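As stored in final_36.csv (CSV, C-alpha atoms):
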chain,number,residue,atom,x,y,z
L,1,MET,CA,-13.7,-9.9,-8.3
L,2,GLU,CA,-13.9,-11.4,-4.8
L,3,LYS,CA,-15.2,-8.9,-2.3
L,4,ARG,CA,-14.0,-8.7,1.4
L,5,ASN,CA,-15.5,-6.9,4.3
L,6,ALA,CA,-13.5,-4.1,5.7
L,7,GLY,CA,-14.9,-4.2,9.2
L,8,ARG,CA,-14.8,-0.8,10.8
L,9,LEU,CA,-14.9,0.9,7.3
L,10,GLY,CA,-18.4,-0.5,7.0
L,11,ARG,CA,-18.3,-1.8,3.4
L,12,ASP,CA,-16.9,-4.5,1.2
L,13,PHE,CA,-14.0,-4.0,-1.3
L,14,GLY,CA,-12.7,-5.9,-4.2
L,15,VAL,CA,-9.6,-7.8,-2.8
L,16,MET,CA,-7.4,-6.3,-5.5
L,17,GLY,CA,-7.0,-2.5,-5.3
L,18,LEU,CA,-4.6,-0.1,-7.0
L,19,GLY,CA,-1.6,1.7,-5.4
L,20,CYS,CA,-1.1,5.1,-6.9
L,21,TRP,CA,2.4,6.0,-5.7
L,22,GLN,CA,3.8,5.6,-9.3
L,23,LEU,CA,1.4,8.3,-10.6
L,24,GLY,CA,3.5,10.8,-8.6
L,25,ALA,CA,6.5,10.0,-10.8
L,26,ASP,CA,8.6,8.6,-8.0
L,27,TRP,CA,9.1,5.5,-10.1
L,28,GLY,CA,10.0,7.4,-13.3
L,29,GLU,CA,7.8,9.6,-15.4
L,30,VAL,CA,4.2,8.5,-16.1
L,31,ASP,CA,2.3,10.5,-18.7
L,32,GLU,CA,-1.0,12.0,-17.5
L,33,ARG,CA,-3.1,10.4,-20.2
L,34,ASP,CA,-1.5,7.0,-19.4
L,35,ALA,CA,-2.2,7.6,-15.7
L,36,LEU,CA,-5.9,8.3,-16.3
L,37,ALA,CA,-6.2,5.4,-18.7
L,38,LEU,CA,-4.8,2.9,-16.2
L,39,LEU,CA,-7.0,4.2,-13.4
L,40,HIS,CA,-10.1,3.7,-15.6
L,41,ALA,CA,-8.8,0.3,-16.7
L,42,ALA,CA,-8.4,-0.8,-13.1
L,43,ALA,CA,-11.9,0.3,-12.3
L,44,ASP,CA,-13.2,-1.6,-15.4
L,45,THR,CA,-11.8,-4.8,-14.0
L,46,GLY,CA,-13.6,-4.4,-10.6
L,47,VAL,CA,-11.0,-2.4,-8.6
L,48,ASP,CA,-12.8,-0.1,-6.3
L,49,PHE,CA,-10.0,0.8,-3.8
L,50,PHE,CA,-7.4,3.3,-4.8
L,51,ASP,CA,-4.6,4.3,-2.5
L,52,THR,CA,-2.6,7.5,-2.8
L,53,ALA,CA,-0.8,10.1,-0.6
L,54,ASP,CA,-0.4,13.8,-0.4
L,55,VAL,CA,3.4,13.5,-1.0
L,56,TYR,CA,3.3,11.3,-4.1
L,57,GLY,CA,4.7,13.7,-6.6
L,58,ASP,CA,3.9,16.6,-4.2
L,59,GLY,CA,0.2,16.1,-4.8
L,60,ARG,CA,0.4,15.0,-8.5
L,61,SER,CA,-1.0,11.5,-7.7
L,62,GLU,CA,-3.9,12.9,-5.6
L,63,THR,CA,-4.7,15.4,-8.4
L,64,LEU,CA,-4.8,12.7,-11.1
L,65,VAL,CA,-7.0,10.5,-8.9
L,66,GLY,CA,-9.2,13.5,-8.4
L,67,ARG,CA,-9.6,13.9,-12.2
L,68,PHE,CA,-10.4,10.2,-12.5
L,69,LEU,CA,-13.1,10.6,-9.8
L,70,LYS,CA,-14.7,13.4,-11.7
L,71,GLU,CA,-14.6,11.6,-15.0
L,72,ARG,CA,-15.8,8.3,-13.5
L,73,ASN,CA,-18.5,9.7,-11.4
L,74,ASP,CA,-19.0,6.4,-9.6
L,75,PRO,CA,-20.0,6.5,-5.9
L,76,GLY,CA,-18.6,3.0,-5.4
L,77,ILE,CA,-15.0,4.2,-5.9
L,78,PHE,CA,-13.2,4.5,-2.6
L,79,VAL,CA,-10.0,6.6,-2.2
L,80,ALA,CA,-7.6,6.2,0.7
L,81,THR,CA,-4.9,8.9,1.0
L,82,LYS,CA,-2.3,9.7,3.6
L,83,MET,CA,-0.8,12.6,5.5
L,84,GLY,CA,2.3,13.3,7.6
L,85,ARG,CA,5.2,13.0,5.3
L,86,ARG,CA,5.1,16.7,4.3
L,87,LEU,CA,6.9,17.5,7.4
L,88,PRO,CA,10.5,18.6,6.7
L,89,GLU,CA,11.6,16.5,9.6
L,90,GLN,CA,9.7,13.6,11.1
L,91,THR,CA,9.0,14.5,14.7
L,92,PRO,CA,6.0,13.6,16.9
L,93,GLU,CA,5.4,17.3,17.5
L,94,GLY,CA,4.7,17.8,13.8
L,95,TYR,CA,1.6,15.6,14.1
L,96,SER,CA,-0.4,18.6,15.3
L,97,ARG,CA,-4.0,19.8,14.9
L,98,GLU,CA,-2.8,22.8,12.8
L,99,ASN,CA,-0.8,20.6,10.4
L,100,PHE,CA,-3.6,18.0,10.2
L,101,LEU,CA,-6.2,20.6,9.1
L,102,ALA,CA,-3.8,22.2,6.6
L,103,TRP,CA,-2.9,18.8,5.1
L,104,ASN,CA,-6.5,17.8,5.0
L,105,ASP,CA,-7.6,21.0,3.2
L,106,ARG,CA,-4.9,20.4,0.6
L,107,SER,CA,-5.9,16.7,0.0
L,108,ARG,CA,-9.5,17.6,-0.3
L,109,ARG,CA,-8.7,20.2,-2.9
L,110,ASN,CA,-6.4,17.8,-4.8
L,111,LEU,CA,-9.1,15.1,-4.9
L,112,GLY,CA,-12.0,17.4,-5.4
L,113,VAL,CA,-14.1,16.1,-2.5
L,114,ASP,CA,-15.5,17.6,0.7
L,115,THR,CA,-15.0,14.5,2.7
L,116,LEU,CA,-12.0,12.1,2.3
L,117,ASP,CA,-13.0,8.4,2.4
L,118,LEU,CA,-10.0,7.4,4.5
L,119,VAL,CA,-6.9,9.3,5.7
L,120,GLN,CA,-3.9,7.3,7.0
L,121,LEU,CA,-1.1,8.6,9.1
L,122,HIS,CA,1.8,8.0,6.7
L,123,CYS,CA,4.4,6.0,8.7
L,124,PRO,CA,4.8,8.5,11.5
L,125,PRO,CA,7.4,8.3,14.3
L,126,THR,CA,6.7,5.4,16.6
L,127,PRO,CA,5.6,7.6,19.6
L,128,VAL,CA,2.7,9.0,17.6
L,129,TYR,CA,0.9,5.7,17.8
L,130,ARG,CA,0.8,6.1,21.6
L,131,THR,CA,-0.2,9.8,21.6
L,132,ASP,CA,-3.9,10.2,22.5
L,133,ALA,CA,-4.0,13.8,21.4
L,134,VAL,CA,-3.2,12.8,17.8
L,135,PHE,CA,-6.2,10.5,17.7
L,136,ASP,CA,-8.4,13.0,19.4
L,137,VAL,CA,-7.8,15.4,16.5
L,138,LEU,CA,-8.6,12.6,14.0
L,139,ASP,CA,-11.9,11.9,15.8
L,140,GLU,CA,-12.7,15.6,15.7
L,141,MET,CA,-12.0,15.5,11.9
L,142,VAL,CA,-14.5,12.6,11.5
L,143,ASP,CA,-17.1,14.5,13.5
L,144,ALA,CA,-16.6,17.6,11.3
L,145,LYS,CA,-17.0,15.4,8.2
L,146,ARG,CA,-13.6,16.3,6.9
L,147,ILE,CA,-12.8,12.6,6.8
L,148,ALA,CA,-15.1,9.6,6.9
L,149,ALA,CA,-12.5,7.3,8.6
L,150,TYR,CA,-8.9,7.1,9.6
L,151,GLY,CA,-6.2,4.5,9.7
L,152,VAL,CA,-2.4,4.2,9.8
L,153,SER,CA,0.3,3.1,7.4
L,154,VAL,CA,3.1,1.5,9.4
L,155,GLU,CA,6.7,0.3,9.1
L,156,ARG,CA,6.8,-2.0,12.1
L,157,VAL,CA,4.7,-4.8,13.4
L,158,GLU,CA,4.7,-3.2,16.9
L,159,GLU,CA,3.2,0.0,15.5
L,160,ALA,CA,0.4,-2.0,13.8
L,161,LEU,CA,-0.5,-3.8,17.0
L,162,THR,CA,-0.6,-0.5,18.9
L,163,ALA,CA,-2.9,1.1,16.3
L,164,ILE,CA,-5.2,-1.9,16.1
L,165,ALA,CA,-5.8,-1.6,19.9
L,166,ARG,CA,-7.3,1.9,19.4
L,167,PRO,CA,-11.1,1.7,19.0
L,168,ASN,CA,-11.5,4.1,16.0
L,169,VAL,CA,-8.6,3.0,13.9
L,170,ALA,CA,-10.3,1.5,10.8
L,171,SER,CA,-7.3,0.2,8.8
L,172,VAL,CA,-3.7,-0.7,9.0
L,173,GLN,CA,-1.5,-0.5,5.9
L,174,ILE,CA,1.6,-2.7,6.1
L,175,ILE,CA,4.2,-4.3,3.9
L,176,LEU,CA,3.1,-7.8,3.2
L,177,ASN,CA,4.5,-10.0,0.4
L,178,ALA,CA,6.3,-13.2,-0.3
L,179,PHE,CA,9.5,-11.5,1.1
L,180,ARG,CA,7.8,-10.0,4.2
L,181,HIS,CA,6.0,-12.7,6.3
L,182,LYS,CA,6.2,-11.2,9.8
L,183,PRO,CA,2.7,-9.6,9.8
L,184,LEU,CA,1.2,-13.0,9.4
L,185,GLU,CA,2.2,-14.0,12.9
L,186,GLU,CA,0.3,-11.4,15.0
L,187,VAL,CA,-0.9,-8.4,13.0
L,188,LEU,CA,-3.4,-10.2,10.7
L,189,PRO,CA,-5.0,-12.2,13.5
L,190,ALA,CA,-5.3,-9.1,15.7
L,191,ALA,CA,-6.8,-7.0,12.9
L,192,ALA,CA,-9.3,-9.7,12.0
L,193,SER,CA,-10.4,-10.0,15.6
L,194,ALA,CA,-10.8,-6.2,16.0
L,195,GLY,CA,-12.5,-5.6,12.6
L,196,VAL,CA,-9.6,-3.6,11.3
L,197,ALA,CA,-9.0,-3.7,7.6
L,198,ILE,CA,-5.5,-4.8,6.4
L,199,ILE,CA,-4.2,-3.1,3.3
L,200,ALA,CA,-1.2,-5.0,1.9
L,201,ARG,CA,1.3,-2.6,0.4
L,202,VAL,CA,4.5,-3.2,-1.6
L,203,PRO,CA,3.0,-6.5,-2.7
L,204,LEU,CA,5.6,-7.1,-5.4
L,205,ALA,CA,8.6,-5.9,-3.4
L,206,SER,CA,9.1,-2.8,-5.6
L,207,GLY,CA,8.9,-5.0,-8.7
L,208,LEU,CA,11.3,-7.7,-7.6
L,209,LEU,CA,8.5,-10.2,-7.5
L,210,SER,CA,7.4,-9.4,-11.0
L,211,GLY,CA,10.3,-11.6,-12.1
L,212,LYS,CA,11.3,-9.1,-14.8
L,213,TYR,CA,14.5,-7.8,-13.2
L,214,THR,CA,18.1,-9.0,-13.6
L,215,LYS,CA,21.5,-8.0,-12.1
L,216,ASP,CA,21.9,-5.7,-15.2
L,217,THR,CA,18.6,-3.9,-14.8
L,218,SER,CA,19.1,-0.1,-14.3
L,219,PHE,CA,16.7,2.3,-12.6
L,220,GLY,CA,16.4,6.0,-13.4
L,221,ALA,CA,17.8,8.7,-11.2
L,222,ASP,CA,14.3,9.7,-10.2
L,223,ASP,CA,13.3,6.2,-9.2
L,224,HIS,CA,13.5,5.3,-5.5
L,225,ARG,CA,14.8,1.9,-6.5
L,226,ASN,CA,17.9,3.8,-7.4
L,227,TYR,CA,18.1,6.7,-4.9
L,228,ASN,CA,16.8,4.8,-1.8
L,229,ARG,CA,18.5,1.5,-2.3
L,230,ASN,CA,20.2,1.9,1.1
L,231,GLY,CA,17.5,4.0,2.8
L,232,GLU,CA,19.0,7.4,1.9
L,233,ALA,CA,15.6,9.1,1.5
L,234,PHE,CA,13.2,7.1,3.6
L,235,ASP,CA,12.9,3.7,5.3
L,236,VAL,CA,14.8,1.2,3.3
L,237,GLY,CA,12.0,-1.3,3.8
L,238,GLU,CA,9.9,0.6,1.3
L,239,THR,CA,12.5,-0.3,-1.5
L,240,PHE,CA,12.6,-3.9,-2.5
L,241,SER,CA,11.0,-4.6,0.9
L,242,GLY,CA,14.4,-4.1,2.5
L,243,VAL,CA,15.8,-7.2,0.8
L,244,PRO,CA,19.3,-6.9,-0.8
L,245,TYR,CA,18.8,-6.8,-4.5
L,246,ASP,CA,21.0,-9.8,-5.3
L,247,VAL,CA,19.3,-11.9,-2.7
L,248,GLY,CA,15.9,-11.0,-4.0
L,249,LEU,CA,16.9,-12.0,-7.5
L,250,GLU,CA,18.1,-15.4,-6.2
L,251,ALA,CA,14.8,-15.9,-4.4
L,252,VAL,CA,12.8,-15.1,-7.4
L,253,GLU,CA,14.6,-17.7,-9.4
L,254,ARG,CA,13.8,-20.3,-6.7
L,255,LEU,CA,10.1,-19.3,-6.9
L,256,ARG,CA,9.8,-19.1,-10.7
L,257,PRO,CA,9.1,-22.8,-11.3
L,258,LEU,CA,6.1,-22.6,-9.0
L,259,VAL,CA,4.2,-20.1,-11.3
L,260,PRO,CA,1.3,-21.9,-12.9
L,261,ALA,CA,1.0,-22.1,-16.7
L,262,GLY,CA,-0.7,-19.0,-18.1
L,263,ALA,CA,0.1,-16.8,-15.1
L,264,THR,CA,2.9,-14.3,-14.5
L,265,MET,CA,5.3,-14.2,-11.6
L,266,ALA,CA,3.6,-11.0,-10.5
L,267,GLN,CA,0.1,-12.6,-10.5
L,268,PHE,CA,1.5,-15.6,-8.6
L,269,ALA,CA,3.0,-13.3,-5.9
L,270,LEU,CA,-0.2,-11.3,-5.6
L,271,ARG,CA,-2.3,-14.4,-5.3
L,272,TRP,CA,-0.2,-15.6,-2.4
L,273,ILE,CA,-1.1,-12.4,-0.5
L,274,VAL,CA,-4.8,-12.8,-1.3
L,275,ASP,CA,-4.6,-16.3,0.2
L,276,GLN,CA,-3.5,-15.0,3.6
L,277,PRO,CA,-6.4,-14.9,6.1
L,278,GLY,CA,-7.1,-11.4,7.3
L,279,VAL,CA,-6.0,-9.5,4.2
L,280,THR,CA,-8.7,-7.1,3.1
L,281,VAL,CA,-7.2,-5.5,0.0
L,282,VAL,CA,-3.9,-5.7,-1.9
L,283,ILE,CA,-2.6,-2.5,-3.6
L,284,PRO,CA,-0.1,-3.2,-6.4
L,285,GLY,CA,0.9,-0.3,-8.5
L,286,ALA,CA,0.8,-0.2,-12.3
L,287,ARG,CA,2.5,1.9,-15.0
L,288,ASN,CA,0.1,1.1,-17.9
L,289,VAL,CA,-3.3,-0.3,-18.7
L,290,GLU,CA,-1.9,-3.8,-19.3
L,291,GLN,CA,-0.3,-4.0,-15.9
L,292,ALA,CA,-3.5,-2.7,-14.2
L,293,ARG,CA,-5.6,-5.4,-15.9
L,294,ALA,CA,-3.1,-8.2,-15.2
L,295,ASN,CA,-2.9,-7.3,-11.5
L,296,ALA,CA,-6.6,-7.3,-11.1
L,297,THR,CA,-7.0,-10.7,-12.6
L,298,ALA,CA,-4.4,-12.2,-10.2
L,299,ALA,CA,-7.3,-12.6,-7.8
L,300,ASP,CA,-8.9,-15.1,-10.2
L,301,LEU,CA,-6.0,-17.6,-9.9
L,302,ALA,CA,-6.4,-20.7,-7.9
L,303,PRO,CA,-4.8,-20.6,-4.4
L,304,VAL,CA,-1.1,-21.3,-4.5
L,305,ASP,CA,0.9,-23.9,-2.6
L,306,SER,CA,2.8,-21.7,-0.1
L,307,ALA,CA,5.1,-24.4,1.4
L,308,GLU,CA,8.0,-23.6,-1.0
L,309,ILE,CA,7.4,-19.8,-0.7
L,310,THR,CA,7.8,-20.3,3.1
L,311,ARG,CA,11.0,-22.4,2.6
L,312,VAL,CA,12.6,-19.8,0.3
L,313,TYR,CA,11.7,-17.0,2.8
L,314,ASP,CA,13.2,-18.9,5.7
L,315,GLU,CA,16.4,-19.8,3.9
L,316,LEU,CA,17.1,-16.6,1.9
L,317,ILE,CA,15.0,-13.7,3.1
L,318,ARG,CA,14.2,-14.1,6.8
L,319,PRO,CA,17.8,-13.2,8.0
L,320,HIS,CA,17.7,-9.9,6.2
L,321,VAL,CA,14.2,-8.6,7.1
L,322,HIS,CA,12.3,-10.6,9.8
L,323,ASP,CA,13.7,-9.0,12.9
L,324,ARG,CA,14.0,-5.4,11.4
L,325,TRP,CA,10.4,-4.5,11.0
Can the structure from this file be put into structure tokens for me?
Amino acid sequence: MEKRNAGRLGRDFGVMGLGCWQLGADWGEVDERDALALLHAAADTGVDFFDTADVYGDGRSETLVGRFLKERNDPGIFVATKMGRRLPEQTPEGYSRENFLAWNDRSRRNLGVDTLDLVQLHCPPTPVYRTDAVFDVLDEMVDAKRIAAYGVSVERVEEALTAIARPNVASVQIILNAFRHKPLEEVLPAAASAGVAIIARVPLASGLLSGKYTKDTSFGADDHRNYNRNGEAFDVGETFSGVPYDVGLEAVERLRPLVPAGATMAQFALRWIVDQPGVTVVIPGARNVEQARANATAADLAPVDSAEITRVYDELIRPHVHDRW
């Protein structure tokens, strides 16, 4: 798999990683044995970057990744986790030293490690990015070897740019896919210039860009594609990238003829992200071994012709998302 340098993180990563939100069962139930099998399958294909969070399944995802780390016993595996969404209410005041240390202790226990590879603030309130005291505590945690590095996971382009300007922010995780183009304009160039890694999340727009869904597809009650369709539980941009479901389906049909022979729509969509200058690692999720393997091999496809993707975005998607995030 192609490796890319992560700048301030001080190492290279395979360009295709694995997002582990689904292991927390927020996308429907995933059996523990299946979860561990897909984690190992991803690593077997060259995936070395695994992204989780303390709130995914209230720690279930971290715990499963921790079991995988113990079984794999591979020092080349890198795990990024997140903290901040355990707050009962998202307020800047909640991003305190006391909470950071408590959340850090919990994640280290879940993952079974003394030092976390990377901790990302998990889409905090916008004022947090401008609060020096927050980043002073994170620097303190690096000095104490509680964490090796820190970054941010953002909702908005403006938040990403504020974070990139901070000297010790090592990574920015942002929604980037064929339905979310705005980060291409300023965020990716700024990150590349500063040596900040870009982690592209929600790369398949919650599965819309897999090409498998129709107007008749139903999602379980415990699946955020059901309960967060209008942003009832968290930012609506995390569900289908904020694109109205019917609009997304129409856009997928416009893109389907572009998929090369022998590839899937999902692989085509992932390859488009890999093609974007400044992307360090893409983190699609997977529910089984076959999906994990297929996602990883997307990086082996030839670069795609992006002109029609841009045209579909401009005509169908841009009015719904471009100026919101």
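Picture a line from atom CA of L:Glu29 to atom CA of L:Ala221; it runs 10.9 Å.
Compared by their closest atoms to L:Ala191, and using only C-alpha atoms, the residues L:Gly19, L:Gly278, L:Asp235, L:Asp105 rank with L:Gly278 nearest.
Put simply, atom CA of L:Leu9 is 29.3 Å away from atom CA of L:Gly207.
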Across L:Leu316, L:Ala102, L:Val196, L:Ala233, the smallest distance to L:Ala149, with all atoms listed in the file counted, is shown by L:Val196
*Using all atoms listed in the file, determine which residues lie at most 12 Å from L:Gly94, disregarding the query and same-chain residues fewer than 5 positions distant; provide the list as a VMD selection string.*
chain L and resid 83 to 89 99 to 100 102 to 103 121 124 to 125 127 to 128 134
Taking N, CA and C atoms as the atom set, what does stretch 95-128 of chain L look like once completed, written as a PDB file, in the coordinates of the input?
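Result file selection.pdb:
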ATOM      1  N   TYR L  95       2.936  16.194  14.277  1.00  0.00           N
ATOM      2  CA  TYR L  95       1.600  15.600  14.100  1.00  0.00           C
ATOM      3  C   TYR L  95       0.611  16.372  14.957  1.00  0.00           C
ATOM      4  N   SER L  96       0.364  17.603  14.540  1.00  0.00           N
ATOM      5  CA  SER L  96      -0.400  18.600  15.300  1.00  0.00           C
ATOM      6  C   SER L  96      -1.765  18.848  14.637  1.00  0.00           C
ATOM      7  N   ARG L  97      -2.688  19.403  15.402  1.00  0.00           N
ATOM      8  CA  ARG L  97      -4.000  19.800  14.900  1.00  0.00           C
ATOM      9  C   ARG L  97      -3.840  20.748  13.705  1.00  0.00           C
ATOM     10  N   GLU L  98      -2.992  21.750  13.869  1.00  0.00           N
ATOM     11  CA  GLU L  98      -2.800  22.800  12.800  1.00  0.00           C
ATOM     12  C   GLU L  98      -2.331  22.107  11.511  1.00  0.00           C
ATOM     13  N   ASN L  99      -1.348  21.226  11.620  1.00  0.00           N
ATOM     14  CA  ASN L  99      -0.800  20.600  10.400  1.00  0.00           C
ATOM     15  C   ASN L  99      -1.895  19.631   9.820  1.00  0.00           C
ATOM     16  N   PHE L 100      -2.598  18.897  10.666  1.00  0.00           N
ATOM     17  CA  PHE L 100      -3.600  18.000  10.200  1.00  0.00           C
ATOM     18  C   PHE L 100      -4.660  18.709   9.331  1.00  0.00           C
ATOM     19  N   LEU L 101      -5.136  19.831   9.849  1.00  0.00           N
ATOM     20  CA  LEU L 101      -6.200  20.600   9.100  1.00  0.00           C
ATOM     21  C   LEU L 101      -5.646  21.127   7.812  1.00  0.00           C
ATOM     22  N   ALA L 102      -4.404  21.619   7.820  1.00  0.00           N
ATOM     23  CA  ALA L 102      -3.800  22.200   6.600  1.00  0.00           C
ATOM     24  C   ALA L 102      -3.617  21.056   5.553  1.00  0.00           C
ATOM     25  N   TRP L 103      -3.090  19.924   5.991  1.00  0.00           N
ATOM     26  CA  TRP L 103      -2.900  18.800   5.100  1.00  0.00           C
ATOM     27  C   TRP L 103      -4.215  18.294   4.530  1.00  0.00           C
ATOM     28  N   ASN L 104      -5.210  18.244   5.403  1.00  0.00           N
ATOM     29  CA  ASN L 104      -6.500  17.800   5.000  1.00  0.00           C
ATOM     30  C   ASN L 104      -7.154  18.697   3.961  1.00  0.00           C
ATOM     31  N   ASP L 105      -7.025  19.990   4.167  1.00  0.00           N
ATOM     32  CA  ASP L 105      -7.600  21.000   3.200  1.00  0.00           C
ATOM     33  C   ASP L 105      -6.906  20.754   1.830  1.00  0.00           C
ATOM     34  N   ARG L 106      -5.611  20.539   1.828  1.00  0.00           N
ATOM     35  CA  ARG L 106      -4.900  20.400   0.600  1.00  0.00           C
ATOM     36  C   ARG L 106      -5.315  19.090  -0.147  1.00  0.00           C
ATOM     37  N   SER L 107      -5.445  18.001   0.579  1.00  0.00           N
ATOM     38  CA  SER L 107      -5.900  16.700   0.000  1.00  0.00           C
ATOM     39  C   SER L 107      -7.283  16.816  -0.570  1.00  0.00           C
ATOM     40  N   ARG L 108      -8.165  17.478   0.158  1.00  0.00           N
ATOM     41  CA  ARG L 108      -9.500  17.600  -0.300  1.00  0.00           C
ATOM     42  C   ARG L 108      -9.590  18.426  -1.613  1.00  0.00           C
ATOM     43  N   ARG L 109      -8.750  19.455  -1.704  1.00  0.00           N
ATOM     44  CA  ARG L 109      -8.700  20.200  -2.900  1.00  0.00           C
ATOM     45  C   ARG L 109      -8.123  19.384  -4.079  1.00  0.00           C
ATOM     46  N   ASN L 110      -7.040  18.666  -3.796  1.00  0.00           N
ATOM     47  CA  ASN L 110      -6.400  17.800  -4.800  1.00  0.00           C
ATOM     48  C   ASN L 110      -7.404  16.798  -5.380  1.00  0.00           C
ATOM     49  N   LEU L 111      -8.140  16.166  -4.481  1.00  0.00           N
ATOM     50  CA  LEU L 111      -9.100  15.100  -4.900  1.00  0.00           C
ATOM     51  C   LEU L 111     -10.425  15.593  -5.289  1.00  0.00           C
ATOM     52  N   GLY L 112     -10.696  16.857  -5.021  1.00  0.00           N
ATOM     53  CA  GLY L 112     -12.000  17.400  -5.400  1.00  0.00           C
ATOM     54  C   GLY L 112     -13.155  16.935  -4.655  1.00  0.00           C
ATOM     55  N   VAL L 113     -12.974  16.666  -3.363  1.00  0.00           N
ATOM     56  CA  VAL L 113     -14.100  16.100  -2.500  1.00  0.00           C
ATOM     57  C   VAL L 113     -14.145  16.953  -1.241  1.00  0.00           C
ATOM     58  N   ASP L 114     -15.314  16.935  -0.631  1.00  0.00           N
ATOM     59  CA  ASP L 114     -15.500  17.600   0.700  1.00  0.00           C
ATOM     60  C   ASP L 114     -15.047  16.726   1.815  1.00  0.00           C
ATOM     61  N   THR L 115     -15.304  15.432   1.695  1.00  0.00           N
ATOM     62  CA  THR L 115     -15.000  14.500   2.700  1.00  0.00           C
ATOM     63  C   THR L 115     -14.087  13.379   2.165  1.00  0.00           C
ATOM     64  N   LEU L 116     -12.929  13.181   2.760  1.00  0.00           N
ATOM     65  CA  LEU L 116     -12.000  12.100   2.300  1.00  0.00           C
ATOM     66  C   LEU L 116     -12.525  10.773   2.847  1.00  0.00           C
ATOM     67  N   ASP L 117     -12.514   9.754   2.012  1.00  0.00           N
ATOM     68  CA  ASP L 117     -13.000   8.400   2.400  1.00  0.00           C
ATOM     69  C   ASP L 117     -12.184   7.864   3.573  1.00  0.00           C
ATOM     70  N   LEU L 118     -10.868   7.951   3.440  1.00  0.00           N
ATOM     71  CA  LEU L 118     -10.000   7.400   4.500  1.00  0.00           C
ATOM     72  C   LEU L 118      -8.668   8.157   4.424  1.00  0.00           C
ATOM     73  N   VAL L 119      -8.235   8.616   5.601  1.00  0.00           N
ATOM     74  CA  VAL L 119      -6.900   9.300   5.700  1.00  0.00           C
ATOM     75  C   VAL L 119      -6.079   8.385   6.656  1.00  0.00           C
ATOM     76  N   GLN L 120      -4.864   8.097   6.195  1.00  0.00           N
ATOM     77  CA  GLN L 120      -3.900   7.300   7.000  1.00  0.00           C
ATOM     78  C   GLN L 120      -2.738   8.099   7.392  1.00  0.00           C
ATOM     79  N   LEU L 121      -2.363   7.999   8.650  1.00  0.00           N
ATOM     80  CA  LEU L 121      -1.100   8.600   9.100  1.00  0.00           C
ATOM     81  C   LEU L 121       0.010   7.841   8.318  1.00  0.00           C
ATOM     82  N   HIS L 122       0.919   8.600   7.735  1.00  0.00           N
ATOM     83  CA  HIS L 122       1.800   8.000   6.700  1.00  0.00           C
ATOM     84  C   HIS L 122       3.180   7.672   7.396  1.00  0.00           C
ATOM     85  N   CYS L 123       3.189   6.486   8.016  1.00  0.00           N
ATOM     86  CA  CYS L 123       4.400   6.000   8.700  1.00  0.00           C
ATOM     87  C   CYS L 123       5.038   7.009   9.580  1.00  0.00           C
ATOM     88  N   PRO L 124       4.279   7.472  10.585  1.00  0.00           N
ATOM     89  CA  PRO L 124       4.800   8.500  11.500  1.00  0.00           C
ATOM     90  C   PRO L 124       5.836   7.896  12.460  1.00  0.00           C
ATOM     91  N   PRO L 125       6.523   8.761  13.227  1.00  0.00           N
ATOM     92  CA  PRO L 125       7.400   8.300  14.300  1.00  0.00           C
ATOM     93  C   PRO L 125       6.662   7.375  15.253  1.00  0.00           C
ATOM     94  N   THR L 126       7.314   6.380  15.768  1.00  0.00           N
ATOM     95  CA  THR L 126       6.700   5.400  16.600  1.00  0.00           C
ATOM     96  C   THR L 126       5.892   6.004  17.796  1.00  0.00           C
ATOM     97  N   PRO L 127       6.393   7.043  18.486  1.00  0.00           N
ATOM     98  CA  PRO L 127       5.600   7.600  19.600  1.00  0.00           C
ATOM     99  C   PRO L 127       4.250   8.119  19.240  1.00  0.00           C
ATOM    100  N   VAL L 128       4.036   8.477  17.987  1.00  0.00           N
ATOM    101  CA  VAL L 128       2.700   9.000  17.600  1.00  0.00           C
ATOM    102  C   VAL L 128       1.620   8.014  17.803  1.00  0.00           C
TER     103      VAL L 128
END
